[in-house]
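Peer 1: Provided herewith is a single structure, encoded as structure tokens, for subsequent inquiry.
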Amino acid sequence: MDFSFTEEEERFRAEVRAFLDQEVTEEFHQELEERGETEFSREFTKKLAQKGWLAMAWPKEYGGGGATMMEQLIFSEEIGYHHAPTGGHRQGINLIGPCLIVHGTEEQKREYLPAITAGEVVWCQGFSEPNAGSDLASLQCRAVEDGDYYVIDGQKTWTTNAHRADWCHLLARTDPDAPRHRGISYFLIDMKSPGISVRPLINMLASHDFNEVFLDGVRVPKENILGEKNRGWYVSQTTLSFERSGIAIPAGAKRNLELLVEYAKETKRNGAPLAQDPIVRHKLAEMAVDIEVNRMIAYRVAWMQHQGLIPVYEASMSKLFGTELIKRLGDIGMQILGLFGPLERGSRWAPLRGRIARACQFSLGGTIAMGSSEIMKNIIATRGLELPREPRP
Amino acid sequence: MDLGFSEEQEMLRTTARDFLDNECPKSLVKEMAEDEKGYTTELWKEMAELGWMGLTIPEEYDGMGMTFLDLVILLEEMGRACLPGPFFSTVVLGGYTILEAGSEEQKKELLPKISAGDLILTLALTEPSGSYEPDAITVKATPKNGEYVISGTKLFVPDANVADYLICVARTKEGASPEDGITLFLVDAKGPGITTTLLKTIAGDKQCEVVFEDVKVPKGNILGELDKGWGVVEKVLAKATVALCAQMVGGAQAALEMSVNYAKERVQFGRPIGSFQAIQHYCANMLTDVDGSKFITYEAAWKISEGLPATMEVSMAKAWVSEAYRRVTLLGHQIHGGIGFCMDHDMPLYFKRSKAAEPTFGDADFHREMVAKQLGL
Amino acid sequence: MNLDFSEEQEMLRTTTRDFLTKECPKTLVRELEEDEKGYSPDLWKEMAELGWMGLVLPEEYDGMGMGFMDLIILLEEMGRNILPGPFFCTVILGSLPILEAGSEEQKKELLPKISAGELILTLALTEPSARYDATGVATRAVAQDDGFVINGTKLFVENAHIADYIICVTRTKEGASPEDGITLFLVDAKSPGIRCEVMPTMGADKLCEVVFADVKVPKKNMLGELDKGWPVVQRNMEQAAIAKCAEMIGGAQAALDMTLAYAKERVQYGRPIGSFQVIQHYCANMWISVETGKNILYQAAWKVGEGLPATKEVAVAKGYINEAYKFVSERGVQCHGAIGTTRDHDIGLYYRRAKAAELAFGDTDFQRELVAQQIGL
Ligand SMILES: Cc1cc2nc3c(=O)[nH]c(=O)nc-3n(C[C@H](O)[C@H](O)[C@H](O)COP(=O)(O)OP(=O)(O)OC[C@H]3O[C@@H](n4cnc5c(N)ncnc54)[C@H](O)[C@@H]3O)c2cc1C
């Protein structure tokens, strides 16, 4: 066993950190907030591409950096710690790119991958529908063949960044008569295609990140199907070598914890620094322990991948642990800020520029998106522990 | 980074598991809980033959010269088996104190005997205050006629009833700070003036009250430097805390496995209870607690093994594992229903051990406070 | 003992619910969140016509002379519906202290206007120190000519931006104890020297920063006795805490109802999600929290209404209901999935309210400390 990083890895971390310290400043965050794009910045994504970091763990032949999973882990940890915006590349780098590498035709790879690694094209994910949430395989969006095209009709929802994206990777039903999982195909769709309309959905923080996407007779060239027709479900389930550690969550939590520690040291309440209040000490220490456990659980996933092992339940555990953790941290953070907790940025009284109040509300989506906590636990129980599946009613 | 164990370590684990499965069945564990001594000499001898007592003792003292991390693996398996007896007291509390503080002469004299299984040791640290802080040390050792005379009461001393030597943490001076003026003495456990009373505990572990009444100890039995013993205690406590976490991790893993197996087997309403989502989610929570406990413990153990500063990691481990083990055993009981509540069932063994381990070497609150300090609060 | 509500009370509940459902739909609630004033004057008038503002005021002041428990019912329904606006601060924080401490002249002057819905009041207590005890009051009032001059900053003052009068809690003397030397003043909110700014909050609940710079107040506007104002505040804080609990329980009940309905109707994997055991257990736990909260609330409210000592009961209620409301609304969001995280969905409204209400008149830790004192710690 060895919990340390190599000297080279440490050097790399220092380099990334120095870069992020310089780029992801308070002013930068403020600027993004004013634009209403806290999680999204094309320019920043491009800068990462220029550094060669965006697709660092992709194979070199596809424009990647051929980095190890450990280096990727370090990079993601630093990105998370700095709360850097990833909306400009998350989908491309983590999801559709790797799917293309495995299932794409040579042409598709040539067409799409360079733009992803260059940080030039933003992708969104058109999976969820109003009636297909956790149970994604029940999706109803239809794609019907018509000459050289598929014609797609239906509705997608919760599509993060659809209003900013250039392309969408989308699941649609191509065979309504086949068993649910066997009649779905995977499409690559230009968001400028006629027939696509995007309607904003406003989240609890009153910001516009996700959307409804309506597809009305959208014509998609046949070559834009990824993988075989009717095999789209399996393409979407590809568990690839992209990083699935979930490290960014505990790393981001660590930063917020540090800010709260600073706040507790600087702030007097009831005549004494908050840091002397045993309840505050207890709460912050508890979070520090949870964050460290989370870090280990995330490291394990990356390490397994590094070894060429395929995490089964381990990635679900990291996702579950992290998203539940930031909920607790949001709540505890608010408690520590007391009456000042709910103040939002724009008030001179708002501690940490309202960042804890935002983190607290934001955390509610974490335990739902990308597989809810309940689904994660189902996976841990049935795949990790091989407990019998629930019988269908 | 390497989060896996080496082949040798995996082998150590397998041998330990096989051996303990055979030689330490739960029937023995239960018997030993009632037994006055709390261990059998046969098993003790066999363990010594396997080299376990000297696992981390350097080869020059007849040990196997392995690392603390190796010991952690062994302890995990012992926790899994609920191994009764004075292994922890002798090897972790006794052995490491001697290694840390003993003179060359003392080491030469004692360590080979420990390795051979010929010696049982323990550490007499806590007192009726139940605190692990240096200001809790009130048992006094006073110089008299070239010797020291020890008086006072130690409480929760593990295995003192069977020990050959007690390492007594005593106050020799009222120093400037509570840490200053503490000295370690190697005391013949059967010497005059010592009264040892076995405490009745839920886990049937052999914790004792040890009363020292004018116990005479020669100067040569001081371990380490006069008045400067607390630093040694801190180092040993750090190891002991992680070692205990390792035992707890093993216990938690066993409780998890037992519960998951039961959930697969037990049928109610025409289906295995493990197909009920509530039970599935309990099991998922348990696995998360167990996996988290493992890695937070290994991280601390690795740091100690490497001789790196580990104050933060040690406290994080104990804070987390104390509560995780309890959560795991409580859910385990819930899953087992009525049968788990029976005296004869194995589940209570783990629950009781989790409760016993929780306060030992500082409970979660104690260690969270340590973490808070490390955070700069 | 009678744990039922009277027929009249049930009727009050029904009328209130019907009225609010019709007159205060969630669209209006949301609109008012963005609105600068934060309330609808039309709705305010209608509420006054129903007699709500004077519900517990004696008939001699044009009130309805009903009991505190009746007010609790009304507040529960308001919380259920999330009624925005200055009802709470006018009635609970404004009229009750006047009723308690006001001179006959002040009562005659102000209470009928409150009953008629012609006056909006609020209480300015907390300051940048953010505490609810007397020590936190640093805003000074100094005698000058035939009045007083107030200087200081008040924070988190509900609806001060639309208030006609602010009851300002000031320090008029450095007394032997922090409680000694506190005086209440009825300050015309439009007085020169007052600067008021709405603070942006996640609950959009119109909390204000109010700065008093040489604000002159005539002597006759003193509420209660000079230097002896703290007991009035203290009693009012108890009333306010329990009144807030009523709103919160109403909100929790609504969040529960909404979640139950959704769990029955939302289908995934070919079945209502409410048929999944985890969702069932979440809902069961939510229901237990709400029911327990109600029992605790009614008992405490009854004591407060009867003027009996209720410090412990109120602290228990606020401490418990803080956590219950937060729990119920958070689980509510989780059960709703992504739709629950949208600004437009009602469940999120409740979640944000729960967070805000948790802090008002003492957060959970504050209440636990009170309970600790009450049980002799
Ligand atoms: C912030 C955010 C961003 C998102 N971005 C995207 C995006 O870019 N693209 C996209 O396609 N989707 C996106 N989603 C949608 C996300 O994938 C879905 O929210 C998720 O799959 C859950 O579906 P649902 O919201 O419909 O909840 P539902 O599936 O309706 O679930 C409701 C509740 O029932 C529970 N439940 C459901 N099934 C079970 C079961 N079998 N056992 C136990 N409990 C169960 C759930 O855990 C949940 O608590 C986003 C969601 C969020 C919150």
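Residues are referred to by chain and number: the chain letter is A, B, ... according to the order shown in the structure tokens, the number counts from 1 in that chain, and ligands are numbered separately from 1 in the order shown.
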Around ligand 1, which protein and nucleic acid residues have at least one atom no more than 8 Å from it, if we count only C-alpha atoms and all ligand atoms? List them as a ChimeraX atom specification.
Peer 2: /A:124-136,156-162,203,209-210,362,364-375,378 /B:277 /C:263,266-269,273-274,276-279,333-341
Peer 1: Mind checking which residues fall within 7 Å of His281 (chain B), counting only C-alpha atoms, ignoring those fewer than 2 positions away in the same chain, and posting them as a compact mmCIF listing (two decimals) with N, CA and C atoms, in the first residue's frame?
Peer 2:
```
# COMPACT_ATOMS: atom_id res chain seq x y z
N LYS A 377 -28.02 3.20 -4.14
CA LYS A 377 -28.09 2.16 -3.10
C LYS A 377 -28.62 0.85 -3.68
N ASN A 378 -29.56 0.95 -4.60
CA ASN A 378 -30.02 -0.28 -5.26
C ASN A 378 -28.85 -0.98 -5.94
N ALA A 381 -26.43 -2.53 -3.43
CA ALA A 381 -27.00 -3.73 -2.81
C ALA A 381 -27.05 -4.90 -3.79
N GLN B 277 -36.45 -3.49 -0.41
CA GLN B 277 -35.58 -2.34 -0.63
C GLN B 277 -35.04 -1.75 0.67
N ALA B 278 -35.86 -1.76 1.70
CA ALA B 278 -35.39 -1.20 2.96
C ALA B 278 -34.15 -1.96 3.43
N ILE B 279 -34.21 -3.28 3.34
CA ILE B 279 -33.07 -4.10 3.77
C ILE B 279 -31.88 -3.87 2.82
N CYS B 283 -28.17 -2.54 3.89
CA CYS B 283 -26.93 -3.24 3.55
C CYS B 283 -25.99 -2.31 2.78
N ALA B 284 -26.55 -1.50 1.88
CA ALA B 284 -25.71 -0.56 1.13
C ALA B 284 -25.06 0.43 2.10
N ASN B 285 -25.82 0.89 3.06
CA ASN B 285 -25.25 1.81 4.06
C ASN B 285 -24.13 1.12 4.85
```
Peer 1: For Lys144 (chain B), which of B:Leu119, B:Lys219, B:Thr197, B:Met66 is the closest residue, counting only C-alpha atoms?
Peer 2: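 Smallest separation from Lys144 (chain B) among the options: B:Lys219.
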Peer 1: Per residue of chain C within 8 Å of chain A, record the nearest atom pair and its distance in Å to one decimal, counting only C-alpha atoms, with rows in chain order and ascending residue number, as CSV.
Peer 2:
```
residue,atom,partner,partner_atom,distance
C:Ser129,CA,A:Arg269,CA,6.4
C:Ala130,CA,A:Leu339,CA,6.4
C:Arg131,CA,A:Asn270,CA,7.2
C:Gly136,CA,A:Asn270,CA,7.9
C:Phe156,CA,A:Leu339,CA,7.8
C:Met199,CA,A:Ser347,CA,6.0
C:Pro200,CA,A:Glu344,CA,5.4
C:Thr201,CA,A:Leu343,CA,4.3
C:Met202,CA,A:Pro342,CA,5.3
C:Gly203,CA,A:Pro342,CA,7.1
C:Val267,CA,A:Asn131,CA,7.6
C:Gln268,CA,A:Asp135,CA,5.6
C:Tyr269,CA,A:Asp135,CA,5.5
C:Arg271,CA,A:Pro393,CA,8.0
C:Val278,CA,A:Glu374,CA,7.7
C:Glu330,CA,A:Leu364,CA,7.8
C:Val333,CA,A:Leu364,CA,7.4
C:Gln334,CA,A:Ile368,CA,6.8
C:Gly337,CA,A:Ile368,CA,5.7
C:Ala338,CA,A:Ile368,CA,6.2
C:Thr341,CA,A:Met204,CA,5.4
C:Thr342,CA,A:Asn203,CA,3.9
C:Arg343,CA,A:Met204,CA,4.2
C:Asp344,CA,A:Ile202,CA,7.1
C:Gly348,CA,A:Met204,CA,6.6
C:Lys355,CA,A:Pro342,CA,7.6
C:Ala356,CA,A:Pro342,CA,6.7
C:Leu359,CA,A:Leu339,CA,5.8
C:Ala360,CA,A:Leu339,CA,7.5
C:Asp363,CA,A:Gly338,CA,7.6
```
Peer 1: Would you save the residues of that selection, restricted to N, CA, C and O atoms, as a compact mmCIF listing (two decimals), in the first residue's frame?
Peer 2:
```txt
# COMPACT_ATOMS: atom_id res chain seq x y z
N SER C 129 -24.64 41.39 15.86
CA SER C 129 -24.17 40.29 16.71
C SER C 129 -25.05 39.05 16.53
O SER C 129 -24.68 37.96 16.97
N ALA C 130 -26.21 39.24 15.92
CA ALA C 130 -27.09 38.13 15.54
C ALA C 130 -27.50 37.25 16.72
O ALA C 130 -27.55 36.04 16.62
N ARG C 131 -27.79 37.87 17.84
CA ARG C 131 -28.23 37.04 18.96
C ARG C 131 -29.57 37.50 19.49
O ARG C 131 -29.98 38.63 19.30
N GLY C 136 -27.15 41.11 23.17
CA GLY C 136 -27.04 41.51 21.77
C GLY C 136 -27.55 42.90 21.48
O GLY C 136 -27.35 43.44 20.39
N PHE C 156 -32.00 41.90 10.12
CA PHE C 156 -33.02 40.86 10.04
C PHE C 156 -34.38 41.33 10.58
O PHE C 156 -35.10 40.58 11.21
N MET C 199 -32.71 42.94 2.69
CA MET C 199 -31.55 42.07 2.48
C MET C 199 -31.97 40.91 1.58
O MET C 199 -32.98 40.28 1.82
N PRO C 200 -31.15 40.61 0.56
CA PRO C 200 -31.52 39.48 -0.30
C PRO C 200 -31.28 38.15 0.43
O PRO C 200 -30.18 37.92 0.93
N THR C 201 -32.31 37.33 0.52
CA THR C 201 -32.16 36.04 1.20
C THR C 201 -32.71 34.92 0.35
O THR C 201 -33.52 35.15 -0.54
N MET C 202 -32.30 33.71 0.66
CA MET C 202 -32.77 32.58 -0.14
C MET C 202 -34.24 32.30 0.08
O MET C 202 -34.89 31.69 -0.76
N GLY C 203 -34.80 32.77 1.19
CA GLY C 203 -36.23 32.63 1.40
C GLY C 203 -37.00 33.81 0.84
O GLY C 203 -38.23 33.81 0.87
N VAL C 267 -45.00 7.51 -11.86
CA VAL C 267 -44.71 6.12 -12.20
C VAL C 267 -43.31 6.00 -12.79
O VAL C 267 -42.93 6.75 -13.69
N GLN C 268 -42.50 5.12 -12.23
CA GLN C 268 -41.23 4.72 -12.82
C GLN C 268 -41.12 3.21 -12.69
O GLN C 268 -41.65 2.63 -11.74
N TYR C 269 -40.46 2.58 -13.62
CA TYR C 269 -40.36 1.12 -13.63
C TYR C 269 -41.74 0.47 -13.57
O TYR C 269 -41.96 -0.53 -12.88
N ARG C 271 -44.43 1.30 -12.07
CA ARG C 271 -45.21 1.34 -10.82
C ARG C 271 -45.05 2.69 -10.16
O ARG C 271 -44.06 3.40 -10.38
N VAL C 278 -38.35 2.13 -0.01
CA VAL C 278 -37.63 3.28 0.56
C VAL C 278 -38.49 4.53 0.55
O VAL C 278 -38.48 5.29 1.51
N GLU C 330 -36.78 18.47 2.86
CA GLU C 330 -35.63 17.92 2.11
C GLU C 330 -35.98 16.56 1.52
O GLU C 330 -35.71 16.29 0.35
N VAL C 333 -38.22 17.04 -1.45
CA VAL C 333 -37.51 17.35 -2.70
C VAL C 333 -36.93 16.06 -3.29
O VAL C 333 -37.07 15.77 -4.48
N GLN C 334 -36.31 15.26 -2.44
CA GLN C 334 -35.68 14.03 -2.93
C GLN C 334 -36.72 13.11 -3.59
O GLN C 334 -36.45 12.54 -4.64
N GLY C 337 -37.65 14.07 -7.14
CA GLY C 337 -36.66 14.00 -8.22
C GLY C 337 -36.37 15.39 -8.76
O GLY C 337 -36.57 16.41 -8.08
N ALA C 338 -35.92 15.44 -10.01
CA ALA C 338 -35.42 16.70 -10.57
C ALA C 338 -36.45 17.82 -10.51
O ALA C 338 -36.11 18.98 -10.26
N THR C 341 -36.33 20.28 -7.74
CA THR C 341 -35.24 21.25 -7.61
C THR C 341 -35.47 22.50 -8.46
O THR C 341 -34.59 23.34 -8.57
N THR C 342 -36.65 22.61 -9.06
CA THR C 342 -36.91 23.79 -9.89
C THR C 342 -37.49 24.91 -9.05
O THR C 342 -38.14 24.68 -8.03
N ARG C 343 -37.27 26.11 -9.53
CA ARG C 343 -37.78 27.28 -8.85
C ARG C 343 -39.31 27.30 -8.88
O ARG C 343 -39.96 27.83 -8.00
N ASP C 344 -39.86 26.70 -9.92
CA ASP C 344 -41.30 26.77 -10.10
C ASP C 344 -42.08 25.74 -9.31
O ASP C 344 -43.30 25.83 -9.22
N GLY C 348 -39.93 23.09 -3.43
CA GLY C 348 -38.72 23.87 -3.17
C GLY C 348 -39.01 25.12 -2.35
O GLY C 348 -38.18 25.56 -1.55
N LYS C 355 -35.55 26.44 5.77
CA LYS C 355 -34.20 26.92 6.10
C LYS C 355 -34.26 28.27 6.81
O LYS C 355 -33.50 28.53 7.73
N ALA C 356 -35.15 29.14 6.33
CA ALA C 356 -35.23 30.47 6.92
C ALA C 356 -35.85 30.39 8.32
O ALA C 356 -35.36 31.00 9.27
N LEU C 359 -33.89 29.45 11.57
CA LEU C 359 -33.01 30.41 12.24
C LEU C 359 -33.78 31.42 13.07
O LEU C 359 -33.24 32.02 14.00
N ALA C 360 -35.04 31.63 12.71
CA ALA C 360 -35.80 32.70 13.36
C ALA C 360 -36.06 32.36 14.83
O ALA C 360 -36.44 31.24 15.15
N ASP C 363 -32.05 29.12 16.60
CA ASP C 363 -31.88 27.88 15.84
C ASP C 363 -31.86 26.68 16.78
O ASP C 363 -32.06 26.82 17.99
```
Peer 1: What's the 8 Å shell around region 314-319 of chain A, counting only C-alpha atoms, without same-chain residues fewer than 4 positions away, as a VMD selection string?
Peer 2: (chain A and resid 244 to 246 294 297 to 298 300 to 301 323 376 to 377 379 to 380 384) or (chain B and resid 288)
Peer 1: Produce a file of the selected residues containing all heavy atoms, as a compact mmCIF listing (two decimals), in the first residue's frame.
Peer 2:
```txt
# COMPACT_ATOMS: atom_id res chain seq x y z
N ARG A 244 -14.07 8.07 -13.20
CA ARG A 244 -15.37 8.02 -12.55
C ARG A 244 -15.24 8.13 -11.03
O ARG A 244 -16.11 7.69 -10.29
CB ARG A 244 -16.07 6.69 -12.89
CG ARG A 244 -16.32 6.52 -14.38
CD ARG A 244 -17.49 5.60 -14.61
NE ARG A 244 -17.18 4.23 -14.21
CZ ARG A 244 -18.08 3.36 -13.73
NH1 ARG A 244 -19.33 3.74 -13.56
NH2 ARG A 244 -17.73 2.14 -13.42
N SER A 245 -14.14 8.68 -10.58
CA SER A 245 -13.87 8.66 -9.14
C SER A 245 -14.83 9.53 -8.34
O SER A 245 -15.10 9.25 -7.19
CB SER A 245 -12.45 9.15 -8.87
OG SER A 245 -12.37 10.55 -9.09
N GLY A 246 -15.36 10.59 -8.95
CA GLY A 246 -16.20 11.50 -8.19
C GLY A 246 -15.40 12.37 -7.23
O GLY A 246 -15.94 12.94 -6.29
N ASN A 294 -14.58 10.35 2.21
CA ASN A 294 -15.04 10.50 0.84
C ASN A 294 -13.86 10.49 -0.15
O ASN A 294 -13.91 9.86 -1.20
CB ASN A 294 -15.82 11.82 0.73
CG ASN A 294 -16.64 11.94 -0.55
OD1 ASN A 294 -17.43 12.84 -0.69
ND2 ASN A 294 -16.45 11.03 -1.50
N ILE A 297 -12.68 7.00 -0.62
CA ILE A 297 -13.62 6.20 -1.42
C ILE A 297 -13.50 6.58 -2.90
O ILE A 297 -13.59 5.73 -3.79
CB ILE A 297 -15.06 6.40 -0.87
CG1 ILE A 297 -15.21 5.62 0.43
CG2 ILE A 297 -16.10 5.97 -1.88
CD1 ILE A 297 -16.55 5.79 1.11
N ALA A 298 -13.24 7.86 -3.15
CA ALA A 298 -13.06 8.30 -4.53
C ALA A 298 -11.71 7.84 -5.09
O ALA A 298 -11.62 7.38 -6.23
CB ALA A 298 -13.18 9.83 -4.61
N ARG A 300 -10.15 5.26 -4.36
CA ARG A 300 -10.20 3.83 -4.66
C ARG A 300 -10.69 3.59 -6.09
O ARG A 300 -10.16 2.74 -6.80
CB ARG A 300 -11.12 3.10 -3.69
CG ARG A 300 -11.39 1.67 -4.18
CD ARG A 300 -12.14 0.82 -3.21
NE ARG A 300 -13.48 1.29 -2.97
CZ ARG A 300 -14.36 0.59 -2.25
NH1 ARG A 300 -14.02 -0.56 -1.72
NH2 ARG A 300 -15.57 1.08 -2.03
N VAL A 301 -11.70 4.36 -6.51
CA VAL A 301 -12.24 4.18 -7.85
C VAL A 301 -11.16 4.46 -8.89
O VAL A 301 -10.93 3.66 -9.80
CB VAL A 301 -13.45 5.10 -8.08
CG1 VAL A 301 -13.97 4.97 -9.50
CG2 VAL A 301 -14.56 4.79 -7.07
N THR A 323 -22.44 13.11 -2.79
CA THR A 323 -23.62 13.99 -2.93
C THR A 323 -24.38 14.09 -1.61
O THR A 323 -24.94 15.15 -1.30
CB THR A 323 -24.55 13.50 -4.05
OG1 THR A 323 -24.85 12.13 -3.86
CG2 THR A 323 -23.90 13.69 -5.40
N MET A 376 -28.49 4.57 -6.51
CA MET A 376 -27.11 4.19 -6.15
C MET A 376 -27.14 3.06 -5.11
O MET A 376 -26.37 2.11 -5.17
CB MET A 376 -26.34 5.39 -5.58
CG MET A 376 -26.03 6.49 -6.58
SD MET A 376 -25.05 5.93 -7.99
CE MET A 376 -26.22 6.10 -9.31
N LYS A 377 -28.02 3.20 -4.14
CA LYS A 377 -28.09 2.16 -3.10
C LYS A 377 -28.62 0.85 -3.68
O LYS A 377 -28.17 -0.23 -3.28
CB LYS A 377 -28.96 2.62 -1.93
CG LYS A 377 -28.29 3.69 -1.10
CD LYS A 377 -29.07 3.97 0.18
CE LYS A 377 -28.48 5.18 0.88
NZ LYS A 377 -29.17 5.47 2.14
N ILE A 379 -28.01 -0.19 -6.60
CA ILE A 379 -26.86 -0.76 -7.31
C ILE A 379 -25.87 -1.39 -6.33
O ILE A 379 -25.39 -2.51 -6.52
CB ILE A 379 -26.16 0.33 -8.16
CG1 ILE A 379 -27.08 0.75 -9.32
CG2 ILE A 379 -24.81 -0.18 -8.70
CD1 ILE A 379 -26.55 1.91 -10.14
N ILE A 380 -25.56 -0.65 -5.27
CA ILE A 380 -24.61 -1.18 -4.27
C ILE A 380 -25.13 -2.49 -3.70
O ILE A 380 -24.39 -3.46 -3.55
CB ILE A 380 -24.38 -0.14 -3.15
CG1 ILE A 380 -23.68 1.10 -3.72
CG2 ILE A 380 -23.56 -0.74 -2.02
CD1 ILE A 380 -23.65 2.28 -2.77
N GLY A 384 -23.09 -4.83 -5.77
CA GLY A 384 -21.97 -4.92 -4.83
C GLY A 384 -22.13 -6.10 -3.89
O GLY A 384 -21.18 -6.82 -3.63
N THR B 288 -21.01 0.84 2.75
CA THR B 288 -20.36 2.14 2.65
C THR B 288 -19.58 2.45 3.92
O THR B 288 -18.44 2.91 3.88
CB THR B 288 -21.42 3.23 2.39
OG1 THR B 288 -22.21 2.84 1.27
CG2 THR B 288 -20.77 4.57 2.09
```
Peer 1: Quick one: everything within 6 Å of region 178-186 of chain A, counting only C-alpha atoms, minus sequence neighbours fewer than 5 positions away in the same chain. Send it as a list in words.
Peer 2: Ala137, Leu170, Leu171, Ala172, Arg173, Ile225, Leu226, Lys229, Asn230, Arg231, Gly232 and Trp233 of chain A
Peer 1: Filtering to N, CA, C and O atoms, could you give me those residues as a CSV table (one decimal), in the first residue's frame?
Peer 2:
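File part.csv, as written:
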```csv
chain,number,residue,atom,x,y,z
A,137,ALA,N,-34.9,3.6,-19.4
A,137,ALA,CA,-35.3,2.7,-20.5
A,137,ALA,C,-36.7,2.8,-21.0
A,137,ALA,O,-37.1,2.3,-22.0
A,170,LEU,N,-28.2,12.0,-27.7
A,170,LEU,CA,-29.6,11.7,-27.4
A,170,LEU,C,-30.0,10.3,-27.6
A,170,LEU,O,-29.6,9.7,-28.6
A,171,LEU,N,-30.9,9.8,-26.7
A,171,LEU,CA,-31.4,8.5,-26.9
A,171,LEU,C,-32.9,8.6,-27.4
A,171,LEU,O,-33.6,9.4,-26.9
A,172,ALA,N,-33.2,7.8,-28.4
A,172,ALA,CA,-34.5,7.8,-28.9
A,172,ALA,C,-34.9,6.4,-29.3
A,172,ALA,O,-34.1,5.5,-29.6
A,173,ARG,N,-36.2,6.1,-29.3
A,173,ARG,CA,-36.7,4.8,-29.6
A,173,ARG,C,-36.8,4.6,-31.1
A,173,ARG,O,-37.5,5.3,-31.8
A,225,ILE,N,-25.9,8.2,-36.2
A,225,ILE,CA,-26.3,7.2,-35.2
A,225,ILE,C,-25.0,6.7,-34.7
A,225,ILE,O,-24.0,6.5,-35.4
A,226,LEU,N,-24.9,6.6,-33.3
A,226,LEU,CA,-23.6,6.1,-32.7
A,226,LEU,C,-23.9,4.6,-32.3
A,226,LEU,O,-24.8,4.3,-31.6
A,229,LYS,N,-27.9,0.5,-34.8
A,229,LYS,CA,-29.3,0.8,-34.5
A,229,LYS,C,-29.9,-0.2,-33.5
A,229,LYS,O,-29.5,-1.4,-33.5
A,230,ASN,N,-30.7,0.3,-32.6
A,230,ASN,CA,-31.4,-0.5,-31.5
A,230,ASN,C,-30.4,-1.0,-30.5
A,230,ASN,O,-30.8,-1.7,-29.6
A,231,ARG,N,-29.2,-0.6,-30.6
A,231,ARG,CA,-28.2,-1.0,-29.5
A,231,ARG,C,-27.8,0.2,-28.7
A,231,ARG,O,-26.8,0.2,-28.0
A,232,GLY,N,-28.5,1.3,-28.8
A,232,GLY,CA,-28.2,2.6,-28.1
A,232,GLY,C,-28.1,2.4,-26.6
A,232,GLY,O,-27.3,3.1,-26.0
A,233,TRP,N,-29.0,1.6,-26.0
A,233,TRP,CA,-28.9,1.4,-24.6
A,233,TRP,C,-27.6,0.9,-24.1
A,233,TRP,O,-27.0,1.4,-23.2
```
Peer 1: Using DSSP on the backbone coordinates, identify all residues within region 3-160 of chain A classified as alpha helix (DSSP H); present the result as JSON, numbers by chain.
Peer 2: {"A": [7, 8, 9, 10, 11, 12, 13, 14, 15, 16, 17, 18, 19, 20, 21, 22, 23, 26, 27, 28, 29, 30, 31, 32, 33, 34, 35, 42, 43, 44, 45, 46, 47, 48, 49, 50, 51, 69, 70, 71, 72, 73, 74, 75, 76, 77, 78, 79, 80, 81, 90, 97, 98, 99, 100, 101, 102, 103, 106, 107, 108, 109, 110, 111, 112, 113, 114, 115, 116, 117]}
Peer 1: May I ask you to extract the residues of chain A within 9 Å of chain B, using only C-alpha atoms, and to give them as a ChimeraX atom specification?
Peer 2: /A:1-6,70,258,261-262,264-265,275-276,278,281-286,288-290,292-294,296-297,299-300,303-304,317-318,321,374,376-382,384-391
Peer 1: Can you work out the spacing between CA of Ile247 (chain A) and CA of Gln50 (chain A) in Å, to one decimal?
Peer 2: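 Computed distance, CA of Ile247 (chain A) to CA of Gln50 (chain A), equals 23.2 Å.
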Peer 1: Excluding Ile339 (chain B) and its own-chain neighbours fewer than 6 positions away, which residues fall within 12 Å of it when counting only C-alpha atoms? Please give them as a list in words.
Peer 2: Ser259, Tyr262, Arg266, Gly332, His333, His345, Asp346, Met347 and Pro348 of chain B
Peer 1: Quick one: everything within 8 Å of Lys216 (chain B), counting only C-alpha atoms, minus sequence neighbours fewer than 2 positions away in the same chain. Send it as a list in words.
Peer 2: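 Residues meeting the cut-off are Glu147, Tyr148, Val149, Ile150, Asp214 and Pro218 of chain B.
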Peer 1: Could you tell me how far CA of Lys326 (chain C) sits from CA of Gly67 (chain C), in Å to one decimal place?
Peer 2: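 Computed distance, CA of Gly67 (chain C) to CA of Lys326 (chain C), equals 28.7 Å.
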Peer 1: May I ask for the distance between CA of Arg164 (chain A) and CA of Met191 (chain A), given in Å to one decimal place?
Peer 2: 9.3 Å
